[in-house]
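Heads up, upload_37.txt below (compact mmCIF, C-alpha atoms and all ligand atoms):
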```
# COMPACT_ATOMS: atom_id res chain seq x y z
CA MET A 1 158.91 97.02 62.76
CA ASN A 2 158.54 99.32 59.79
CA ASP A 3 160.90 102.25 60.29
CA LEU A 4 159.65 103.88 57.08
CA PHE A 5 156.57 104.99 58.99
CA PRO A 6 157.82 105.63 62.51
CA LYS A 7 155.50 106.25 65.44
CA ILE A 8 157.50 109.21 66.66
CA MET A 9 159.92 111.83 65.38
CA LEU A 10 162.67 111.01 67.86
CA SER A 11 165.13 108.33 66.78
CA ARG A 12 167.93 107.20 69.05
CA SER A 13 170.79 104.79 68.60
CA ASP A 14 171.53 102.13 71.21
CA GLY A 15 174.26 103.09 73.63
CA ILE A 16 174.21 106.76 72.59
CA ILE A 17 173.28 109.42 75.13
CA ASP A 18 171.12 112.01 73.45
CA LEU A 19 171.71 115.63 74.41
CA ALA A 20 170.61 116.87 70.97
CA TRP A 21 166.84 116.51 70.66
CA GLY A 22 164.59 118.97 72.50
CA HIS A 23 162.04 116.40 73.64
CA PRO A 24 160.92 115.31 77.12
CA SER A 25 162.19 111.96 78.42
CA ASP A 26 159.84 108.95 78.32
CA ASN A 27 159.51 108.89 82.10
CA LEU A 28 158.11 112.44 82.06
CA HIS A 29 155.07 111.69 79.92
CA PRO A 30 151.98 112.00 82.15
CA LEU A 31 150.44 108.66 81.12
CA ASP A 32 148.96 107.85 84.54
CA ALA A 33 148.20 111.46 85.39
CA LEU A 34 146.13 111.99 82.23
CA LYS A 35 144.10 108.80 82.63
CA PRO A 36 141.39 110.37 84.84
CA ALA A 37 141.02 113.24 82.33
CA ILE A 38 140.62 110.84 79.40
CA ASP A 39 138.34 108.50 81.38
CA ALA A 40 136.12 111.44 82.38
CA ILE A 41 135.22 112.03 78.73
CA PHE A 42 133.88 108.48 78.40
CA VAL A 43 132.38 108.20 81.88
CA ASN A 44 130.53 111.52 81.51
CA LYS A 45 129.65 110.72 77.90
CA GLU A 46 131.14 114.07 76.88
CA ILE A 47 130.15 113.63 73.25
CA SER A 48 130.99 117.24 72.39
CA ALA A 49 134.64 116.13 72.52
CA LEU A 50 134.01 114.11 69.36
CA GLN A 51 132.17 116.89 67.53
CA TYR A 52 133.71 119.74 65.50
CA SER A 53 135.07 122.38 67.85
CA GLY A 54 133.74 125.91 68.34
CA TYR A 55 135.59 128.30 66.02
CA GLN A 56 137.79 129.77 68.77
CA GLY A 57 138.51 126.30 70.16
CA TYR A 58 136.87 124.03 72.74
CA GLY A 59 134.86 126.58 74.76
CA PRO A 60 135.38 125.15 78.26
CA LEU A 61 139.15 125.04 77.62
CA ILE A 62 139.17 128.72 76.69
CA GLY A 63 137.63 129.39 80.11
CA SER A 64 139.88 127.07 82.12
CA LEU A 65 143.02 128.20 80.28
CA SER A 66 142.20 131.86 80.87
CA GLN A 67 141.97 131.12 84.59
CA TYR A 68 145.12 128.96 84.60
CA LEU A 69 147.22 131.65 82.92
CA SER A 70 145.74 134.46 85.00
CA GLU A 71 146.74 132.63 88.18
CA ASP A 72 150.32 131.98 87.07
CA LYS A 73 152.83 134.38 88.65
CA SER A 74 154.39 135.10 85.27
CA TYR A 75 151.25 136.62 83.70
CA THR A 76 150.74 139.56 86.13
CA ARG A 77 147.19 140.35 84.97
CA ILE A 78 143.91 138.65 84.12
CA ILE A 79 144.06 137.00 80.68
CA LYS A 80 140.53 137.19 79.32
CA PRO A 81 138.96 134.33 77.33
CA GLU A 82 138.54 136.66 74.36
CA GLU A 83 142.35 137.01 74.26
CA LEU A 84 142.79 133.28 73.55
CA TYR A 85 142.44 131.04 70.52
CA ILE A 86 143.08 127.29 70.60
CA GLY A 87 145.28 125.83 67.87
CA TYR A 88 147.65 122.92 67.25
CA GLY A 89 150.60 124.43 69.06
CA ALA A 90 153.23 127.12 68.69
CA SER A 91 154.25 126.03 65.17
CA HIS A 92 150.66 126.09 63.97
CA GLY A 93 150.18 129.51 65.57
CA LEU A 94 153.17 130.86 63.67
CA ASP A 95 151.97 129.30 60.42
CA LEU A 96 148.54 130.93 60.82
CA ALA A 97 150.11 134.26 61.79
CA CYS A 98 152.12 134.13 58.54
CA THR A 99 148.98 133.27 56.55
CA LEU A 100 146.99 136.11 58.07
CA PHE A 101 149.57 138.86 58.40
CA THR A 102 152.20 138.40 55.68
CA GLY A 103 152.39 138.05 51.93
CA GLU A 104 154.95 136.50 49.60
CA GLY A 105 158.22 138.44 49.59
CA ASN A 106 157.61 140.25 52.88
CA THR A 107 160.49 140.37 55.30
CA VAL A 108 160.53 138.60 58.66
CA LEU A 109 163.15 139.48 61.26
CA VAL A 110 164.39 136.61 63.41
CA GLU A 111 166.96 136.34 66.14
CA GLU A 112 170.34 135.03 65.06
CA PRO A 113 170.51 132.27 66.33
CA SER A 114 166.92 131.07 66.37
CA TYR A 115 164.90 127.86 66.59
CA TYR A 116 165.85 126.07 63.39
CA LEU A 117 162.64 124.10 62.84
CA VAL A 118 160.44 127.17 62.37
CA ARG A 119 162.59 128.30 59.48
CA GLN A 120 160.69 126.05 57.10
CA ILE A 121 157.38 127.67 58.13
CA LEU A 122 158.77 131.05 57.11
CA ILE A 123 160.13 129.58 53.87
CA ASP A 124 156.75 127.94 53.13
CA HIS A 125 155.25 131.43 53.26
CA ARG A 126 157.93 132.69 50.87
CA LEU A 127 159.19 135.24 53.34
CA ASN A 128 162.54 136.93 53.18
CA ILE A 129 164.23 135.85 56.43
CA VAL A 130 166.65 138.35 57.96
CA GLY A 131 168.70 137.47 61.03
CA VAL A 132 169.22 140.18 63.66
CA PRO A 133 172.19 139.93 66.06
CA THR A 134 171.48 138.85 69.62
CA ASP A 135 173.08 139.17 73.04
CA SER A 136 172.34 137.49 76.36
CA GLU A 137 168.77 138.89 76.22
CA GLY A 138 167.87 137.83 72.69
CA MET A 139 167.35 140.24 69.80
CA LYS A 140 169.47 143.40 70.10
CA ILE A 141 167.55 146.61 69.68
CA GLU A 142 170.26 149.25 69.19
CA ASN A 143 170.02 149.06 65.38
CA LEU A 144 166.61 147.45 65.06
CA GLU A 145 164.81 150.56 63.84
CA GLN A 146 167.54 151.18 61.28
CA ILE A 147 167.19 147.60 60.02
CA ILE A 148 163.40 147.97 59.81
CA ASP A 149 163.73 151.28 57.94
CA SER A 150 166.19 149.78 55.48
CA TYR A 151 163.45 147.42 54.23
CA LYS A 152 161.13 150.38 53.49
CA GLY A 153 157.89 149.10 54.96
CA ASN A 154 158.45 145.48 53.86
CA VAL A 155 159.10 144.09 57.36
CA LYS A 156 155.76 142.59 58.41
CA LEU A 157 156.76 140.05 61.03
CA LEU A 158 159.20 139.75 63.92
CA TYR A 159 159.70 136.22 65.24
CA LEU A 160 161.11 136.13 68.78
CA ILE A 161 161.57 133.59 71.56
CA PRO A 162 161.49 135.88 74.60
CA SER A 163 161.63 133.33 77.44
CA PHE A 164 164.19 130.50 77.72
CA HIS A 165 165.23 130.90 74.15
CA ASN A 166 165.86 127.94 71.89
CA PRO A 167 168.84 127.54 71.53
CA MET A 168 170.30 130.27 73.79
CA GLY A 169 168.31 129.66 77.00
CA SER A 170 168.19 133.45 77.43
CA VAL A 171 165.38 135.64 78.75
CA MET A 172 164.50 139.03 77.29
CA SER A 173 164.23 141.77 79.92
CA LEU A 174 161.00 143.63 80.53
CA GLU A 175 162.53 146.84 79.25
CA ARG A 176 163.56 145.27 75.95
CA ARG A 177 160.18 143.59 75.51
CA GLU A 178 158.45 146.94 75.95
CA LYS A 179 160.78 148.72 73.54
CA ILE A 180 160.31 146.08 70.84
CA ILE A 181 156.52 146.29 71.23
CA ASP A 182 156.69 150.09 70.82
CA LEU A 183 158.79 149.70 67.68
CA ALA A 184 156.51 147.05 66.20
CA ASP A 185 153.46 149.20 66.89
CA LYS A 186 155.11 152.25 65.32
CA HIS A 187 156.08 150.35 62.15
CA ASP A 188 152.91 148.25 61.83
CA ILE A 189 154.76 144.97 62.33
CA LEU A 190 153.29 141.87 63.98
CA ILE A 191 155.41 140.26 66.68
CA ALA A 192 155.06 136.48 66.78
CA ALA A 193 156.43 135.75 70.25
CA ASP A 194 157.09 132.04 70.62
CA GLU A 195 156.40 131.42 74.29
CA ALA A 196 156.62 127.61 74.14
CA TYR A 197 158.89 127.54 77.25
CA HIS A 198 157.47 130.54 79.10
CA LEU A 199 155.75 128.51 81.86
CA LEU A 200 158.82 126.35 82.47
CA TYR A 201 160.65 128.66 84.87
CA TYR A 202 162.73 127.07 87.62
CA GLY A 203 163.18 130.09 89.89
CA ASP A 204 161.71 133.55 89.50
CA PRO A 205 159.19 133.89 86.67
CA PRO A 206 160.29 135.58 83.45
CA PRO A 207 158.70 138.94 82.54
CA PRO A 208 155.11 138.61 81.28
CA THR A 209 154.49 137.22 77.80
CA MET A 210 154.73 139.82 75.05
CA ALA A 211 150.94 139.70 74.45
CA THR A 212 150.35 140.41 78.15
CA LEU A 213 152.46 143.56 77.74
CA ASP A 214 150.97 144.67 74.44
CA ASP A 215 148.90 147.76 75.22
CA SER A 216 148.95 149.12 71.67
CA ARG A 217 145.54 150.21 70.36
CA LYS A 218 145.05 147.54 67.66
CA GLY A 219 147.41 144.99 69.17
CA CYS A 220 150.72 144.09 67.53
CA VAL A 221 151.65 140.85 69.30
CA VAL A 222 150.64 137.23 68.98
CA SER A 223 152.04 135.13 71.82
CA LEU A 224 152.29 131.49 70.82
CA GLY A 225 151.61 129.16 73.73
CA SER A 226 151.91 125.39 73.72
CA PHE A 227 151.01 122.34 75.79
CA SER A 228 153.85 120.45 74.08
CA LYS A 229 156.46 121.40 76.68
CA ILE A 230 154.20 121.53 79.76
CA LEU A 231 152.03 118.45 79.18
CA ALA A 232 152.99 116.29 76.19
CA PRO A 233 154.07 117.01 72.60
CA GLY A 234 151.79 114.21 71.35
CA ILE A 235 148.76 116.23 72.51
CA LYS A 236 149.86 118.80 69.90
CA LEU A 237 147.67 121.55 71.23
CA GLY A 238 148.45 125.16 71.99
CA TRP A 239 146.98 128.60 72.11
CA ILE A 240 147.38 132.09 70.82
CA GLN A 241 147.22 135.00 73.22
CA ALA A 242 146.52 138.36 71.59
CA ASN A 243 144.35 141.44 71.49
CA PRO A 244 140.72 140.24 70.89
CA ASP A 245 140.68 141.87 67.41
CA ILE A 246 143.66 139.74 66.42
CA VAL A 247 142.09 136.65 68.00
CA ASP A 248 139.01 137.32 65.82
CA LYS A 249 141.19 137.11 62.73
CA PHE A 250 142.45 133.68 63.77
CA THR A 251 138.93 132.57 64.66
CA ASN A 252 137.64 133.69 61.27
CA SER A 253 140.49 132.18 59.25
CA GLY A 254 139.54 129.87 56.41
CA SER A 255 140.93 126.63 57.82
CA ASN A 256 138.64 127.13 60.82
CA PHE A 257 135.42 127.19 58.86
CA SER A 258 135.12 123.42 58.94
CA GLY A 259 135.34 123.56 62.73
CA GLY A 260 138.11 124.65 65.10
CA ASN A 261 141.12 122.61 66.12
CA ASN A 262 141.46 119.25 67.82
CA ASN A 263 138.38 119.25 70.07
CA PHE A 264 139.19 115.86 71.58
CA ALA A 265 142.61 116.98 72.83
CA GLY A 266 141.02 120.26 73.94
CA ALA A 267 138.47 118.41 76.08
CA ILE A 268 141.21 116.29 77.70
CA VAL A 269 143.37 119.31 78.48
CA ASP A 270 140.37 121.22 79.85
CA ILE A 271 139.67 118.44 82.35
CA ALA A 272 143.41 118.20 83.13
CA ILE A 273 143.38 121.89 84.04
CA ARG A 274 140.16 121.72 86.06
CA LYS A 275 141.31 118.65 88.03
CA GLY A 276 144.68 120.26 88.81
CA ILE A 277 146.51 117.62 86.75
CA LEU A 278 148.29 120.17 84.60
CA ALA A 279 149.43 122.31 87.56
CA LYS A 280 150.80 119.24 89.34
CA HIS A 281 152.57 118.03 86.22
CA VAL A 282 154.14 121.43 85.52
CA ASN A 283 155.44 121.45 89.08
CA HIS A 284 156.92 117.99 88.63
CA LEU A 285 158.55 119.04 85.35
CA LYS A 286 160.02 122.15 86.94
CA ASN A 287 161.57 120.19 89.81
CA THR A 288 162.94 117.50 87.50
CA TYR A 289 164.35 119.88 84.88
CA LYS A 290 165.85 122.13 87.55
CA SER A 291 167.91 119.28 88.98
CA ARG A 292 168.93 118.09 85.50
CA MET A 293 169.97 121.65 84.63
CA GLU A 294 172.09 121.96 87.79
CA ILE A 295 173.77 118.63 87.16
CA MET A 296 174.57 119.59 83.58
CA SER A 297 175.98 122.93 84.68
CA SER A 298 178.29 121.47 87.32
CA ALA A 299 179.38 118.59 85.07
CA LEU A 300 180.28 121.09 82.34
CA LYS A 301 182.22 123.28 84.74
CA THR A 302 184.31 120.44 86.08
CA ARG A 303 184.70 118.38 82.90
CA ILE A 304 185.13 121.12 80.24
CA PRO A 305 186.26 124.36 81.92
CA GLU A 306 186.79 125.99 78.48
CA ALA A 307 183.04 125.79 77.81
CA GLU A 308 181.42 129.21 78.28
CA PHE A 309 177.72 129.40 79.03
CA LEU A 310 175.06 131.33 80.86
CA MET A 311 173.12 129.27 83.36
CA PRO A 312 169.59 128.98 81.96
CA GLN A 313 166.77 129.79 84.38
CA GLY A 314 164.13 127.68 82.63
CA GLY A 315 163.34 125.82 79.43
CA TYR A 316 165.41 122.96 78.00
CA TYR A 317 168.78 124.23 76.79
CA PHE A 318 172.38 125.20 77.42
CA TRP A 319 174.05 127.27 74.71
CA ILE A 320 177.77 126.64 74.90
CA LYS A 321 180.55 128.65 73.37
CA PHE A 322 183.97 127.08 72.87
CA PRO A 323 187.17 128.89 71.89
CA GLU A 324 187.00 130.36 68.33
CA GLU A 325 189.17 127.65 66.75
CA ILE A 326 186.78 124.83 67.73
CA ASP A 327 184.58 123.60 64.87
CA ALA A 328 181.41 122.22 66.45
CA ASN A 329 180.69 120.05 63.39
CA VAL A 330 183.97 118.22 63.99
CA LEU A 331 183.26 118.05 67.72
CA GLU A 332 179.82 116.59 66.97
CA LYS A 333 181.42 113.67 65.09
CA LEU A 334 184.00 113.06 67.79
CA ALA A 335 181.26 113.22 70.43
CA PHE A 336 179.15 110.70 68.53
CA ASN A 337 182.13 108.34 68.44
CA GLN A 338 182.34 108.72 72.22
CA GLY A 339 178.59 107.96 72.49
CA VAL A 340 176.88 111.32 72.95
CA THR A 341 174.95 113.62 70.59
CA LEU A 342 174.68 117.42 70.49
CA ARG A 343 173.40 120.10 68.10
CA PRO A 344 176.09 122.24 66.43
CA GLY A 345 175.44 126.00 66.63
CA VAL A 346 175.39 126.53 62.84
CA ALA A 347 172.08 124.62 62.70
CA PHE A 348 170.46 127.64 64.37
CA SER A 349 171.90 130.24 62.04
CA GLY A 350 170.74 131.47 58.65
CA GLN A 351 174.25 132.81 58.04
CA ASN A 352 176.47 129.87 59.03
CA LEU A 353 177.44 131.60 62.26
CA PHE A 354 178.19 130.05 65.66
CA SER A 355 180.57 127.42 64.29
CA ASN A 356 182.21 127.20 67.76
CA CYS A 357 178.89 126.85 69.63
CA ILE A 358 176.68 123.92 70.52
CA ARG A 359 173.24 123.43 72.05
CA LEU A 360 172.75 120.80 74.74
CA CYS A 361 169.31 119.72 75.95
CA PHE A 362 168.73 118.53 79.52
CA ALA A 363 165.07 117.47 79.04
CA LEU A 364 165.53 114.13 77.27
CA SER A 365 168.12 112.48 79.51
CA ASP A 366 168.02 111.75 83.20
CA ILE A 367 170.67 112.77 85.73
CA GLU A 368 172.91 109.70 85.29
CA ASP A 369 172.90 110.04 81.50
CA ILE A 370 173.54 113.76 81.69
CA THR A 371 176.58 113.21 83.90
CA GLU A 372 177.90 110.45 81.67
CA GLY A 373 176.99 112.41 78.53
CA ILE A 374 179.07 115.41 79.62
CA ASN A 375 181.88 113.06 80.58
CA ARG A 376 181.82 111.63 77.03
CA LEU A 377 181.65 115.14 75.57
CA GLY A 378 184.70 116.00 77.68
CA GLN A 379 186.54 113.00 76.24
CA ALA A 380 185.63 114.10 72.72
CA TYR A 381 186.79 117.64 73.48
CA ASP A 382 190.11 116.37 74.88
CA LYS A 383 190.61 114.29 71.72
CA TYR A 384 189.87 117.33 69.56
CA ILE A 385 192.37 119.49 71.47
CA SER A 386 195.09 116.85 71.47
CA GLY A 387 194.61 116.44 67.69
C1 LIG B 1 160.95 127.56 70.29
C2 LIG B 1 160.01 126.45 69.95
N1 LIG B 1 158.85 126.73 69.37
C3 LIG B 1 157.97 125.79 69.05
C4 LIG B 1 158.23 124.46 69.29
C5 LIG B 1 157.22 123.45 68.91
O1 LIG B 1 156.02 123.70 69.60
P1 LIG B 1 154.67 123.01 69.21
O2 LIG B 1 154.82 121.55 69.46
O3 LIG B 1 153.67 123.66 70.10
O4 LIG B 1 154.42 123.31 67.78
C6 LIG B 1 159.44 124.10 69.88
C7 LIG B 1 159.78 122.68 70.10
O5 LIG B 1 160.91 122.31 70.32
C8 LIG B 1 160.35 125.12 70.22
O6 LIG B 1 161.53 124.84 70.78
```

As structure tokens, please, write out the structure in this file.
Ligand SMILES: Cc1ncc(COP(=O)(O)O)c(C=O)c1O
Amino acid sequence: MNDLFPKIMLSRSDGIIDLAWGHPSDNLHPLDALKPAIDAIFVNKEISALQYSGYQGYGPLIGSLSQYLSEDKSYTRIIKPEELYIGYGASHGLDLACTLFTGEGNTVLVEEPSYYLVRQILIDHRLNIVGVPTDSEGMKIENLEQIIDSYKGNVKLLYLIPSFHNPMGSVMSLERREKIIDLADKHDILIAADEAYHLLYYGDPPPPTMATLDDSRKGCVVSLGSFSKILAPGIKLGWIQANPDIVDKFTNSGSNFSGGNNNFAGAIVDIAIRKGILAKHVNHLKNTYKSRMEIMSSALKTRIPEAEFLMPQGGYYFWIKFPEEIDANVLEKLAFNQGVTLRPGVAFSGQNLFSNCIRLCFALSDIEDITEGINRLGQAYDKYISG
């Protein structure tokens, strides 16, 4: 085996329970479920799947996705095909949004904490990243206009994770979503709403995606959707939902001129939607993640009563706050020695905040490992406390 060129991003050590990575567990990959969709391309000799894609993406997928989203309880209105653009996923959508709507030195406002792996995208675009304080609903809005004004027209982008935030697991209320859209419209700012987890709700649906709510004249929201969390990250396909004028900008972007994105994956996903494979898989994921989430919550409550957290209602993560004096970097090392991994809170901060917080993921481990993982974390915590 040549580890220099690994097959996958995830690397795990033997005997260690992984509560750090935000990836689905091996047994949740829809290998058997996707087979009929992949076979159909060959059986039906669907040669278009091997050709360059239409500029907006694989046409049939735009149609099937528009219907799929429109029928989901969380979308609350018809999502028209002209509101969608097919890309490589949420990260790609953000990268393109930066290319099309920002310039070097512009300011981007992000939640503090925020998803740490998109930071590099913003850095690649030479943006000035400014963290805005959050509460249990994500970005706070009390002082948002003041912050925007203080940059004198230089704020061009607002990056938010409205539903089942990574790392906080929080959901932004409808009222706050609407207020932020009004502010963005007023100040000519584009909202890049990362909705990678939006469809993974385990009870009531979250409020509609920000693009669904955007009724501004020109449009000021790009909602970044992804099949990574609802089908498989290896498919690396996603979509952008936005006002058709904004979608046109993505469709007419330079990197599209040699053909749109990943037609082969688009054709597979289209068939997966039409055959009901996606809907069934999402249902399976929701049931599985819900039980993992409940197990993690009760294990935390019994094993580490000092751990403060809000019960997530969807997505992948628990955001846990320990007493102020706890240094999560030290806890991480102790936890590793006990055989469990976690992500320290500072990883999600541009300002070295959240030193007493950690993120735990319940998507990668099954119920037994989650129970044992929290038990090991409890042992590490006890060791920390007893010095
Ligand atoms: C908030 C958030 N956005 C985007 C991604 C990556 O999405 P994609 O694979 O569609 O680029 C992740 C993956 O963990 C995520 O947590």

- Query: Do you know which residues lie at most 12 Å from (161.3, 134.1, 91.2), with coordinates as in the file and all atoms listed in the file counted, and could you write them as a VMD selection string?
  - Reply: chain A and resid 72 to 74 200 to 207 313 to 314

- Message: Please report the interatomic distance between CA of Ser11 in chain A and CA of Asn287 in chain A in Å with one decimal.
- Response: 26.1 Å

- Query: How would you write, as a PyMOL selection string, the set of residues no farther than 7 Å from ligand LIG 1 (chain B) when counting only C-alpha atoms and all ligand atoms?
  - Reply: chain A and resi 22-23+88-92+115+161+165-166+194+196+225-228+233+236-238

- Message: Need the shell around Ser66 in chain A: protein/DNA/RNA residues with any atom at most 6 Å away, counting all atoms listed in the file. Skip same-chain ones fewer than 2 positions apart. Format as a list in words?
- Response: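 In the requested form, the answer reads Gly63, Ser64, Tyr68, Leu69, Ile79, Lys80 and Pro81 of chain A.
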
For the residues selected in the previous step, produce a file with C-alpha atoms as an mmCIF file, keeping the file's coordinate frame.
```cif
data_model
loop_
_atom_site.group_PDB
_atom_site.id
_atom_site.type_symbol
_atom_site.label_atom_id
_atom_site.label_comp_id
_atom_site.auth_asym_id
_atom_site.auth_seq_id
_atom_site.Cartn_x
_atom_site.Cartn_y
_atom_site.Cartn_z
ATOM 1 C CA GLY A 63 137.630 129.390 80.110
ATOM 2 C CA SER A 64 139.880 127.070 82.120
ATOM 3 C CA TYR A 68 145.120 128.960 84.600
ATOM 4 C CA LEU A 69 147.220 131.650 82.920
ATOM 5 C CA ILE A 79 144.060 137.000 80.680
ATOM 6 C CA LYS A 80 140.530 137.190 79.320
ATOM 7 C CA PRO A 81 138.960 134.330 77.330
#
```

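Of the residues under consideration (A:Gln146, A:Asn337, A:Gln379, A:Ile268), A:Ile268 shows the shortest atom-to-atom contact distance to Ala40 in chain A when counting all atoms listed in the file.
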